[in-house]
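> One structure, as structure tokens, below. Some questions next.
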Amino acid sequence: MDMDVTKLTEKWALAAGPENHIVVTSRVRLARNLAMAPFPPRAEKEGLRRVAEAVDTLIGKHPELRGFMRVDVGALSPLERAFLKEGYIISPEMELGGEHRVLYLDQLRHCVIMINEEDHLRMYCLRAGLQTDPSLEEISRIDGIFGRALNYAFSDKYGYLTTCPSNVGTGMRASVMLHLPGLAMTRQVEEALKAAPPSGLTVRGYYGENSEFLGDFYQISNEVTLGRTEGEIVTVLQGMIRQVIERETAARKHLFQRKQTYVEDVIWRAYGALTHARIMNSTEACKLLSPMRLGIERGYFSTLSHHELSQLIVAVQPAHIQLSAGSQTGAEERDVARAQFLRSKFSRLDANN
């Protein structure tokens, strides 16, 4: 039976999370390799197959893992893989496809296990809002199951061994996705985020390393994994996030106190385009959706929530639009379909200006 990837939706976006007016998601990812085979970039197909089979066997027999759904990534089309990447389910590296690349998802889509990506195992927990501690706790539980059953590549001196030297140590990457329209409009983003590098943190785009900053979304994650415990890394990250939340909150307050007419004009111009445009590319759609968050805060759109807006950011991406159309479409056809989709969504809003 063919897999319908449109059913593998980003369920984390269906519910609100703590600080969700600014924090979109929290994710904790672990990189692990098995001692039984060379790491993926140097492994032969047979080695990758053995790793995939070992994980399949463990998940199939362990009672706490039997609820996971298996997806053969190599059997998916490029469009289907792009859909999963846009939905923040697989990484850009996993989107490339290839033999013996397998994806496992739990029923709530909180936890995902990618097999034979850059490392043998890339497992993460993703939750809405600021939930780094619950994410770390949940993925650590799953990691414990794997660690007790499989022989990890581990060094007493360096910790977990990974393909990329920057992940050696804990092998953990904790990240928080922030939406910062207030800081963007007041041109304070660079100042607000300048403390990240000295703290061992880095700022990335919407889809991680080397990706663009989409619609005022910024992803902050740890860059240092060696020499710190998982708890220490999360504590440093949370401290930085709290500072940015305070600055974004202050920026929004300043905008509505000192530049209310200007901000309202930006919001309602965006609303006008979203409800009337006949053609729109994904970049423009994200730019227009971004100030809508400020409108939500002011109560202008009583039937639109922050997490629903987060869903729309994903839904307007190219593969989502194309798969929802049910057929292969060109760029212009997608832009027309995207504009129609947004008109339908926003024309039903209870807008109060």
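Chain identifiers are assigned as A, B, and so on, following the order in which chains appear in the structure tokens; residues are numbered from 1 within each chain, and ligands are numbered from 1 in order of appearance.
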With a distance cut-off of 8 Å and only C-alpha atoms, select the neighbouring residues of stretch 113-115 of chain A, excluding the residue or stretch itself and same-chain residues fewer than 2 positions from it, and output the selection as a list of chain:residue names.

A:Val51, A:Ala52, A:Ile90, A:Met94, A:His100, A:Arg101, A:Val102, A:Leu103, A:Tyr104, A:Leu105, A:Cys111, A:Glu117, A:Asp119, A:His120, A:Leu121, A:Arg122, A:Met123, A:Tyr124

> Using C-alpha atoms, can you export the residues from the last selection as a short mmCIF file (atom, residue, chain, number, x, y, z; two decimals), in the first residue's frame?


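Output file result_1.cif follows:
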```cif
data_model
loop_
_atom_site.label_atom_id
_atom_site.label_comp_id
_atom_site.auth_asym_id
_atom_site.auth_seq_id
_atom_site.Cartn_x
_atom_site.Cartn_y
_atom_site.Cartn_z
CA VAL A 51 21.89 -0.65 10.90
CA ALA A 52 18.36 -0.22 9.57
CA ILE A 90 12.79 15.31 8.37
CA MET A 94 17.21 13.27 4.90
CA HIS A 100 18.20 2.26 3.72
CA ARG A 101 17.08 5.65 4.94
CA VAL A 102 14.12 5.08 7.24
CA LEU A 103 11.90 7.34 9.31
CA TYR A 104 10.00 6.42 12.45
CA LEU A 105 7.35 8.70 13.99
CA CYS A 111 9.29 12.08 18.58
CA GLU A 117 20.93 10.33 7.91
CA ASP A 119 24.59 9.66 11.56
CA HIS A 120 23.14 6.19 12.01
CA LEU A 121 20.51 7.64 14.34
CA ARG A 122 19.15 11.16 14.52
CA MET A 123 16.33 11.16 17.06
CA TYR A 124 14.47 14.20 18.32
#
```

> Can you list, as a PyMOL selection string, every protein, DNA or RNA residue that comes within 12 Å of A:Gly147 when you count only C-alpha atoms, leaving out same-chain residues fewer than 3 positions away?

chain A and resi 30-35+55+58+121+139-144+150-154+160

> Write the residues of the preceding selection, restricted to C-alpha atoms, as a PDB file, in the first residue's frame.


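Output (again_37.pdb):
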```pdb
ATOM      1  CA  LEU A  30      20.418  13.424  19.679  1.00  0.00           C
ATOM      2  CA  ALA A  31      22.979  12.090  17.208  1.00  0.00           C
ATOM      3  CA  ARG A  32      24.114   8.503  17.737  1.00  0.00           C
ATOM      4  CA  ASN A  33      26.107   5.942  15.782  1.00  0.00           C
ATOM      5  CA  LEU A  34      26.371   2.185  16.189  1.00  0.00           C
ATOM      6  CA  ALA A  35      29.727   0.522  16.569  1.00  0.00           C
ATOM      7  CA  VAL A  55      16.676  -0.589  14.546  1.00  0.00           C
ATOM      8  CA  LEU A  58      14.353  -3.269  18.267  1.00  0.00           C
ATOM      9  CA  LEU A 121      20.508   7.643  14.336  1.00  0.00           C
ATOM     10  CA  ILE A 139      14.008  11.890  23.922  1.00  0.00           C
ATOM     11  CA  SER A 140      16.379  10.788  26.706  1.00  0.00           C
ATOM     12  CA  ARG A 141      13.921   8.030  27.600  1.00  0.00           C
ATOM     13  CA  ILE A 142      13.935   6.762  24.004  1.00  0.00           C
ATOM     14  CA  ASP A 143      17.707   7.102  23.798  1.00  0.00           C
ATOM     15  CA  GLY A 144      17.979   4.974  26.926  1.00  0.00           C
ATOM     16  CA  LEU A 150      22.501  -1.351  20.759  1.00  0.00           C
ATOM     17  CA  ASN A 151      26.225  -0.780  21.032  1.00  0.00           C
ATOM     18  CA  TYR A 152      26.802   2.943  20.555  1.00  0.00           C
ATOM     19  CA  ALA A 153      30.079   4.333  19.247  1.00  0.00           C
ATOM     20  CA  PHE A 154      31.353   5.989  22.424  1.00  0.00           C
ATOM     21  CA  TYR A 160      29.360  10.028  21.775  1.00  0.00           C
TER      22      TYR A 160
END
```

> I need the residues in stretch 158-323 of chain A that are strand (DSSP E) according to DSSP; give them as a PyMOL selection string.

chain A and resi 159-160+172-179+201-204+217-222

> Looking at A:His276, A:His179, A:His254, A:Arg204, which one is nearest to A:Asn20, with distances taken over only C-alpha atoms?

A:His179

> When you look at A:Asp4 with a cut-off of 12 Å (counting only C-alpha atoms), what residues show up, excluding the ones that are within fewer than 6 positions of it in the same chain? I need them as a PDB file with C-alpha atoms, in the first residue's frame.


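Once everything was written out, this is around.pdb:
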```pdb
ATOM      1  CA  VAL A  71       8.321   5.238   6.562  1.00  0.00           C
ATOM      2  CA  ASP A  72      10.801   4.115   3.913  1.00  0.00           C
ATOM      3  CA  ALA A  75      10.717   4.926  -1.561  1.00  0.00           C
ATOM      4  CA  LEU A  76       9.205   8.419  -1.399  1.00  0.00           C
ATOM      5  CA  SER A  77       9.189  10.833  -4.311  1.00  0.00           C
ATOM      6  CA  LEU A  79       7.962  15.988  -3.684  1.00  0.00           C
ATOM      7  CA  GLU A  80       6.903  13.789  -0.776  1.00  0.00           C
ATOM      8  CA  ARG A  81      10.291  14.204   0.880  1.00  0.00           C
ATOM      9  CA  PHE A  83       6.635  17.872   2.104  1.00  0.00           C
ATOM     10  CA  LEU A  84       8.133  16.150   5.143  1.00  0.00           C
ATOM     11  CA  LEU A 323       0.294  17.949  -2.828  1.00  0.00           C
ATOM     12  CA  SER A 324      -2.928  19.586  -1.661  1.00  0.00           C
ATOM     13  CA  GLY A 326      -3.374  16.594  -6.013  1.00  0.00           C
TER      14      GLY A 326
END
```

> Need the shell around A:Phe346: protein/DNA/RNA residues with any atom at most 10 Å away, counting only C-alpha atoms. Skip same-chain ones fewer than 3 positions apart. Format as an NGL selection string?

:A and (271-276 or 301 or 303-304 or 341-343 or 349-351)

> Output C-alpha atoms for every residue in that selection, as a short mmCIF file (atom, residue, chain, number, x, y, z; two decimals), in the first residue's frame.


```cif
data_model
loop_
_atom_site.label_atom_id
_atom_site.label_comp_id
_atom_site.auth_asym_id
_atom_site.auth_seq_id
_atom_site.Cartn_x
_atom_site.Cartn_y
_atom_site.Cartn_z
CA TYR A 271 -4.50 41.27 5.83
CA GLY A 272 -5.68 43.03 2.67
CA ALA A 273 -3.17 41.19 0.52
CA LEU A 274 -3.91 37.84 2.17
CA THR A 275 -7.64 38.25 1.54
CA HIS A 276 -7.46 39.62 -2.00
CA PHE A 301 -8.42 38.46 14.70
CA THR A 303 -10.71 33.46 15.51
CA LEU A 304 -7.00 33.14 14.67
CA PHE A 341 -5.79 28.96 -0.24
CA LEU A 342 -4.94 32.06 1.83
CA ARG A 343 -8.00 33.98 0.59
CA LEU A 349 -11.65 35.43 9.90
CA ASP A 350 -13.57 37.55 12.35
CA ALA A 351 -11.48 40.70 11.78
#
```

> In Å, rounded to a single decimal, give me how far atom CA of A:Leu178 is from atom CA of A:Met240.

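For atom CA of A:Met240 relative to atom CA of A:Leu178, the distance reads 11.6 Å.
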
> When you count only C-alpha atoms, which of these residues is closest to A:Ala149: A:Arg70, A:Ile59, A:Gln188, A:Ala277?

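Among the listed residues, the smallest separation from A:Ala149 belongs to A:Ile59.
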
> Residues within 10 Å of A:Cys286, please, as a PyMOL selection string. Count only C-alpha atoms; anything in the same chain fewer than 5 positions from it doesn't count.

chain A and resi 214-217+281+291+312-314+316-317

> Record the distance separating atom CA of A:Thr261 and atom CA of A:Leu193, expressed in Å with one decimal.

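Computing it gives 27.4 Å between the two atoms.
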
> Residues near A:Pro78, anyone? I mean within 8 Å using only C-alpha atoms, not counting same-chain ones fewer than 5 positions away, as a list of chain:residue names.

A:Glu95, A:Leu96, A:Gly97

> Let me see the file: selected residues, C-alpha atoms, as a CSV table (one decimal), in the first residue's frame.


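The resulting file, out24.csv, is shown below:
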```csv
chain,number,residue,atom,x,y,z
A,95,GLU,CA,15.2,15.0,2.2
A,96,LEU,CA,17.9,13.9,-0.3
A,97,GLY,CA,16.6,10.3,0.0
```

> Which residues, written as a PyMOL selection string, have at least one atom at most 10 Å from A:Arg298, with only C-alpha atoms counted and residues fewer than 5 positions away on the same chain left out?

chain A and resi 256+264+292-293+352-353
